[in-house]
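Peer 1: I have a structure I would like to understand better, so I am pasting it below and will then ask my questions one at a time.
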Amino acid sequence: MLITGAGGQVGRALTRLLPEADARHKSDLDVTDAAAVADAVAGHDVVVHLAAMTDVDGAEVAPSVAEDVNDRGTANVAAAARLHAARVVYLSTDYVFRGDTPPYGEGDRPDPVNVYGRTKLAGETHLDGARDIVVRTSWVYGDGRNFISAILDAATKGPVTVVDDQFGRPTAAADVATAVAFVVEAGLSGILHIAGDGRPCSWADLAETALREAGSPAVVTRVDTETYAAGSPKAVAPRPRDATLSLERARTVAVPLVDWRTSVAAYVRDLA
């Protein structure tokens with residue numbers, strides 16, 4: 001197995017789970033370099049393609065970078081995989097959906113509202129639906145800077161302000177890694193939604209859950225999207241209001257799913 005983007009949150013978790021995999025960080029493999037990708041894929045049966053520009057706000061400011069990595073980089077991986085008869089597991093996002101008719105199943109029509117979602121969706125189009133698999137997930141947190149770690153840090157300085165009108169499924173990177181390993185072993189193809197199980201929540205709900213698990217007395221001030229964007233010192237990309245992913249196919253094929261609250265509690269304990 002070859003893992004691209006091994007330095008990211010899911011990449012780190014998958015590398016720990018499958019230490020025998022050929023794990024390539026950004027410094028080891030630039031997916032925008034087609035020749036380098038072709039060389040890296042040679043000799044592998046499976047490519048777990050995690051390399052991506054995931055900075056949602058940054059993608060609005062630098063769309064060409066997001067296009068290079070998320071779209072053309074994925075095209076390079078797909079082409080190299082076809083050349084060397086390898087399967088691709090591509091990690092995509094709930095942000096391919098507009099967010100007005102949840103929950104979203106694998107067959108629902110994507111309609112992204114931001115550059116990040118559009119470029120990740122463009123990446124999906126390069127894959128072979130009969131052989132490869134697109135794994136869409138949402139609200140990922142793990143090793144490194146993420147929403148939960150940022151909230152816990154901000155809470156040491158006072159009240160935190162969090163959006164309460166965007167909804168989805170928080171997902172631990174470790175849970176994504178476990179599911180990806182299952183998908184590879186099972187030989188699944190097509191599109192599959194994998195995320196934290198349980199009732200979907202808002203970002204404010206997630207913040208309060210994480211703070212409670214950390215024993216923090218910090219107060220969460222709930223605001224709507226417009227209020228948050230107006231008070232932000234930098235440009236805020238549009239986001240889907242509710243792009244909750246349906247997990248019915250994942251349940252049908254017996255993908256291991258974990259309630260997001262259980263995983264958040266475990267993650268916060270590990271940070272302590």
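We label chains A, B, ... in the order they appear in the structure tokens, count residues from 1 in each chain, and number ligands from 1 in the order shown.
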Do a neighbour search on Val264 in chain A at 8 Å with only C-alpha atoms, toss out local chain neighbours closer than 5 positions, and write the hits as a list in words.

Peer 2: Ala172, Thr209 and Ala210 of chain A

Peer 1: Print the selection's residues with C-alpha atoms to a file, as a PDB file, in the first residue's frame.

Peer 2:
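File written: selection02.pdb
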```pdb
ATOM      1  CA  ALA A 172     -11.960  10.983  14.505  1.00  0.00           C
ATOM      2  CA  THR A 209     -18.929  18.305  24.255  1.00  0.00           C
ATOM      3  CA  ALA A 210     -15.146  18.627  23.964  1.00  0.00           C
TER       4      ALA A 210
END
```

Peer 1: Do you know which residues are at most 10 Å from Val163 in chain A counting only C-alpha atoms, after dropping those on the same chain fewer than 2 positions away, and could you put them as a ChimeraX atom specification?

Peer 2: /A:161,165-167,202-205,207,220-229

Peer 1: Using N, CA, C and O atoms, can you export the residues from the last selection as a PDB file, in the first residue's frame?

Peer 2:
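selection31.pdb was written with the following content:
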```
ATOM      1  N   THR A 161     -16.462  31.654  20.922  1.00  0.00           N
ATOM      2  CA  THR A 161     -17.610  31.913  20.066  1.00  0.00           C
ATOM      3  C   THR A 161     -17.629  30.888  18.945  1.00  0.00           C
ATOM      4  O   THR A 161     -16.639  30.743  18.214  1.00  0.00           O
ATOM      5  N   ASP A 165     -25.340  27.066  13.637  1.00  0.00           N
ATOM      6  CA  ASP A 165     -26.325  26.758  12.601  1.00  0.00           C
ATOM      7  C   ASP A 165     -25.711  26.020  11.413  1.00  0.00           C
ATOM      8  O   ASP A 165     -26.250  26.038  10.307  1.00  0.00           O
ATOM      9  N   GLN A 166     -24.580  25.360  11.635  1.00  0.00           N
ATOM     10  CA  GLN A 166     -24.011  24.431  10.660  1.00  0.00           C
ATOM     11  C   GLN A 166     -23.946  23.064  11.336  1.00  0.00           C
ATOM     12  O   GLN A 166     -23.474  22.951  12.472  1.00  0.00           O
ATOM     13  N   PHE A 167     -24.411  22.030  10.613  1.00  0.00           N
ATOM     14  CA  PHE A 167     -24.544  20.712  11.227  1.00  0.00           C
ATOM     15  C   PHE A 167     -23.817  19.645  10.409  1.00  0.00           C
ATOM     16  O   PHE A 167     -23.678  19.753   9.187  1.00  0.00           O
ATOM     17  N   SER A 202     -24.147  20.438  15.846  1.00  0.00           N
ATOM     18  CA  SER A 202     -23.603  21.698  15.335  1.00  0.00           C
ATOM     19  C   SER A 202     -22.162  21.840  15.816  1.00  0.00           C
ATOM     20  O   SER A 202     -21.707  21.122  16.719  1.00  0.00           O
ATOM     21  N   TRP A 203     -21.437  22.798  15.231  1.00  0.00           N
ATOM     22  CA  TRP A 203     -20.083  23.068  15.711  1.00  0.00           C
ATOM     23  C   TRP A 203     -20.101  23.485  17.176  1.00  0.00           C
ATOM     24  O   TRP A 203     -19.205  23.109  17.948  1.00  0.00           O
ATOM     25  N   ALA A 204     -21.128  24.239  17.575  1.00  0.00           N
ATOM     26  CA  ALA A 204     -21.224  24.653  18.981  1.00  0.00           C
ATOM     27  C   ALA A 204     -21.449  23.447  19.881  1.00  0.00           C
ATOM     28  O   ALA A 204     -20.884  23.367  20.984  1.00  0.00           O
ATOM     29  N   ASP A 205     -22.277  22.498  19.426  1.00  0.00           N
ATOM     30  CA  ASP A 205     -22.497  21.269  20.201  1.00  0.00           C
ATOM     31  C   ASP A 205     -21.181  20.517  20.382  1.00  0.00           C
ATOM     32  O   ASP A 205     -20.875  20.016  21.473  1.00  0.00           O
ATOM     33  N   ALA A 207     -18.150  21.749  20.275  1.00  0.00           N
ATOM     34  CA  ALA A 207     -17.287  22.502  21.183  1.00  0.00           C
ATOM     35  C   ALA A 207     -17.667  22.251  22.631  1.00  0.00           C
ATOM     36  O   ALA A 207     -16.792  22.012  23.489  1.00  0.00           O
ATOM     37  N   VAL A 220     -19.410  28.556  25.919  1.00  0.00           N
ATOM     38  CA  VAL A 220     -19.511  28.668  24.469  1.00  0.00           C
ATOM     39  C   VAL A 220     -20.601  29.673  24.123  1.00  0.00           C
ATOM     40  O   VAL A 220     -21.757  29.513  24.529  1.00  0.00           O
ATOM     41  N   THR A 221     -20.226  30.708  23.416  1.00  0.00           N
ATOM     42  CA  THR A 221     -21.198  31.680  22.926  1.00  0.00           C
ATOM     43  C   THR A 221     -21.632  31.242  21.529  1.00  0.00           C
ATOM     44  O   THR A 221     -20.811  31.156  20.617  1.00  0.00           O
ATOM     45  N   ARG A 222     -22.914  30.955  21.396  1.00  0.00           N
ATOM     46  CA  ARG A 222     -23.440  30.464  20.121  1.00  0.00           C
ATOM     47  C   ARG A 222     -23.848  31.631  19.227  1.00  0.00           C
ATOM     48  O   ARG A 222     -24.562  32.532  19.676  1.00  0.00           O
ATOM     49  N   VAL A 223     -23.389  31.580  17.971  1.00  0.00           N
ATOM     50  CA  VAL A 223     -23.743  32.621  17.008  1.00  0.00           C
ATOM     51  C   VAL A 223     -24.119  31.969  15.685  1.00  0.00           C
ATOM     52  O   VAL A 223     -23.768  30.814  15.420  1.00  0.00           O
ATOM     53  N   ASP A 224     -24.825  32.740  14.839  1.00  0.00           N
ATOM     54  CA  ASP A 224     -25.118  32.214  13.513  1.00  0.00           C
ATOM     55  C   ASP A 224     -23.945  32.478  12.579  1.00  0.00           C
ATOM     56  O   ASP A 224     -22.994  33.189  12.921  1.00  0.00           O
ATOM     57  N   THR A 225     -24.004  31.858  11.411  1.00  0.00           N
ATOM     58  CA  THR A 225     -22.900  31.932  10.458  1.00  0.00           C
ATOM     59  C   THR A 225     -22.580  33.362  10.063  1.00  0.00           C
ATOM     60  O   THR A 225     -21.402  33.754   9.987  1.00  0.00           O
ATOM     61  N   GLU A 226     -23.603  34.150   9.796  1.00  0.00           N
ATOM     62  CA  GLU A 226     -23.401  35.526   9.358  1.00  0.00           C
ATOM     63  C   GLU A 226     -22.704  36.357  10.421  1.00  0.00           C
ATOM     64  O   GLU A 226     -21.797  37.146  10.118  1.00  0.00           O
ATOM     65  N   THR A 227     -23.105  36.174  11.673  1.00  0.00           N
ATOM     66  CA  THR A 227     -22.486  36.919  12.766  1.00  0.00           C
ATOM     67  C   THR A 227     -21.025  36.529  12.929  1.00  0.00           C
ATOM     68  O   THR A 227     -20.145  37.385  13.118  1.00  0.00           O
ATOM     69  N   TYR A 228     -20.757  35.249  12.839  1.00  0.00           N
ATOM     70  CA  TYR A 228     -19.376  34.781  12.964  1.00  0.00           C
ATOM     71  C   TYR A 228     -18.502  35.350  11.847  1.00  0.00           C
ATOM     72  O   TYR A 228     -17.398  35.854  12.091  1.00  0.00           O
ATOM     73  N   ALA A 229     -18.991  35.282  10.610  1.00  0.00           N
ATOM     74  CA  ALA A 229     -18.212  35.772   9.471  1.00  0.00           C
ATOM     75  C   ALA A 229     -17.956  37.268   9.575  1.00  0.00           C
ATOM     76  O   ALA A 229     -16.861  37.742   9.264  1.00  0.00           O
TER      77      ALA A 229
END
```

Peer 1: Can you tell me which residues surround Thr125 in chain A at a distance of at most 10 Å, considering only C-alpha atoms, apart from same-chain residues fewer than 5 positions away, and format the answer as a PyMOL selection string?

Peer 2: chain A and resi 71+74-75+78+120+134

Peer 1: Generate a file of the selected residues that holds all heavy atoms, formatted as a compact mmCIF listing (two decimals), in the first residue's frame.

Peer 2:
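The new file out22.txt reads:
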```
# COMPACT_ATOMS: atom_id res chain seq x y z
N ASP A 71 -7.58 18.57 -7.51
CA ASP A 71 -8.07 18.11 -8.81
C ASP A 71 -6.95 17.46 -9.62
O ASP A 71 -6.92 16.24 -9.83
CB ASP A 71 -8.68 19.29 -9.57
CG ASP A 71 -9.27 18.91 -10.92
OD1 ASP A 71 -9.26 17.71 -11.27
OD2 ASP A 71 -9.73 19.81 -11.64
N THR A 74 -5.01 14.60 -7.94
CA THR A 74 -5.76 13.35 -7.92
C THR A 74 -5.79 12.71 -9.31
O THR A 74 -5.73 11.48 -9.44
CB THR A 74 -7.19 13.59 -7.42
OG1 THR A 74 -7.13 14.19 -6.12
CG2 THR A 74 -7.97 12.29 -7.32
N ALA A 75 -5.85 13.54 -10.35
CA ALA A 75 -5.77 13.01 -11.71
C ALA A 75 -4.45 12.27 -11.92
O ALA A 75 -4.40 11.20 -12.55
CB ALA A 75 -5.92 14.13 -12.72
N ALA A 78 -4.66 8.91 -10.10
CA ALA A 78 -5.54 7.98 -10.81
C ALA A 78 -4.87 7.44 -12.07
O ALA A 78 -4.95 6.24 -12.37
CB ALA A 78 -6.86 8.67 -11.15
N LYS A 120 -12.45 19.12 -4.52
CA LYS A 120 -12.49 17.73 -4.05
C LYS A 120 -13.45 16.91 -4.92
O LYS A 120 -13.20 15.74 -5.22
CB LYS A 120 -12.90 17.66 -2.58
CG LYS A 120 -11.84 18.16 -1.61
CD LYS A 120 -10.57 17.32 -1.66
CE LYS A 120 -10.76 15.96 -1.04
NZ LYS A 120 -9.49 15.17 -1.05
N VAL A 134 -14.30 6.07 -3.49
CA VAL A 134 -14.32 7.41 -2.91
C VAL A 134 -14.91 7.30 -1.52
O VAL A 134 -16.06 6.88 -1.37
CB VAL A 134 -15.16 8.38 -3.76
CG1 VAL A 134 -15.30 9.73 -3.05
CG2 VAL A 134 -14.54 8.56 -5.14
```

Peer 1: May I have the residues within 9 Å of Val88 in chain A as a list in words, using only C-alpha atoms and disregarding those fewer than 3 positions away in the same chain?

Peer 2: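 Residues meeting the cut-off are Asp45, Val46, Val47, Val48, His49, Val77, Ala78, Ala81, Leu127, Asp128, Arg131, Asp132, Ile133 and Val134 of chain A.
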
Peer 1: Go ahead and write the residues just picked, C-alpha atoms, as a tab-separated table (two decimals), in the first residue's frame.

Peer 2:
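The file below, out.tsv, is the result:
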```
chain	number	residue	atom	x	y	z
A	45	ASP	CA	-1.49	-2.71	-5.30
A	46	VAL	CA	-3.41	-0.01	-3.44
A	47	VAL	CA	-2.98	3.75	-3.20
A	48	VAL	CA	-4.73	5.51	-0.33
A	49	HIS	CA	-4.81	9.06	-1.63
A	77	VAL	CA	-2.68	9.54	-8.84
A	78	ALA	CA	-5.54	7.98	-10.81
A	81	ALA	CA	-2.80	3.72	-10.63
A	127	LEU	CA	-11.47	7.66	-10.36
A	128	ASP	CA	-12.75	4.40	-11.81
A	131	ARG	CA	-12.39	-0.42	-9.26
A	132	ASP	CA	-11.61	2.53	-7.01
A	133	ILE	CA	-13.48	3.89	-4.00
A	134	VAL	CA	-14.32	7.41	-2.91
```
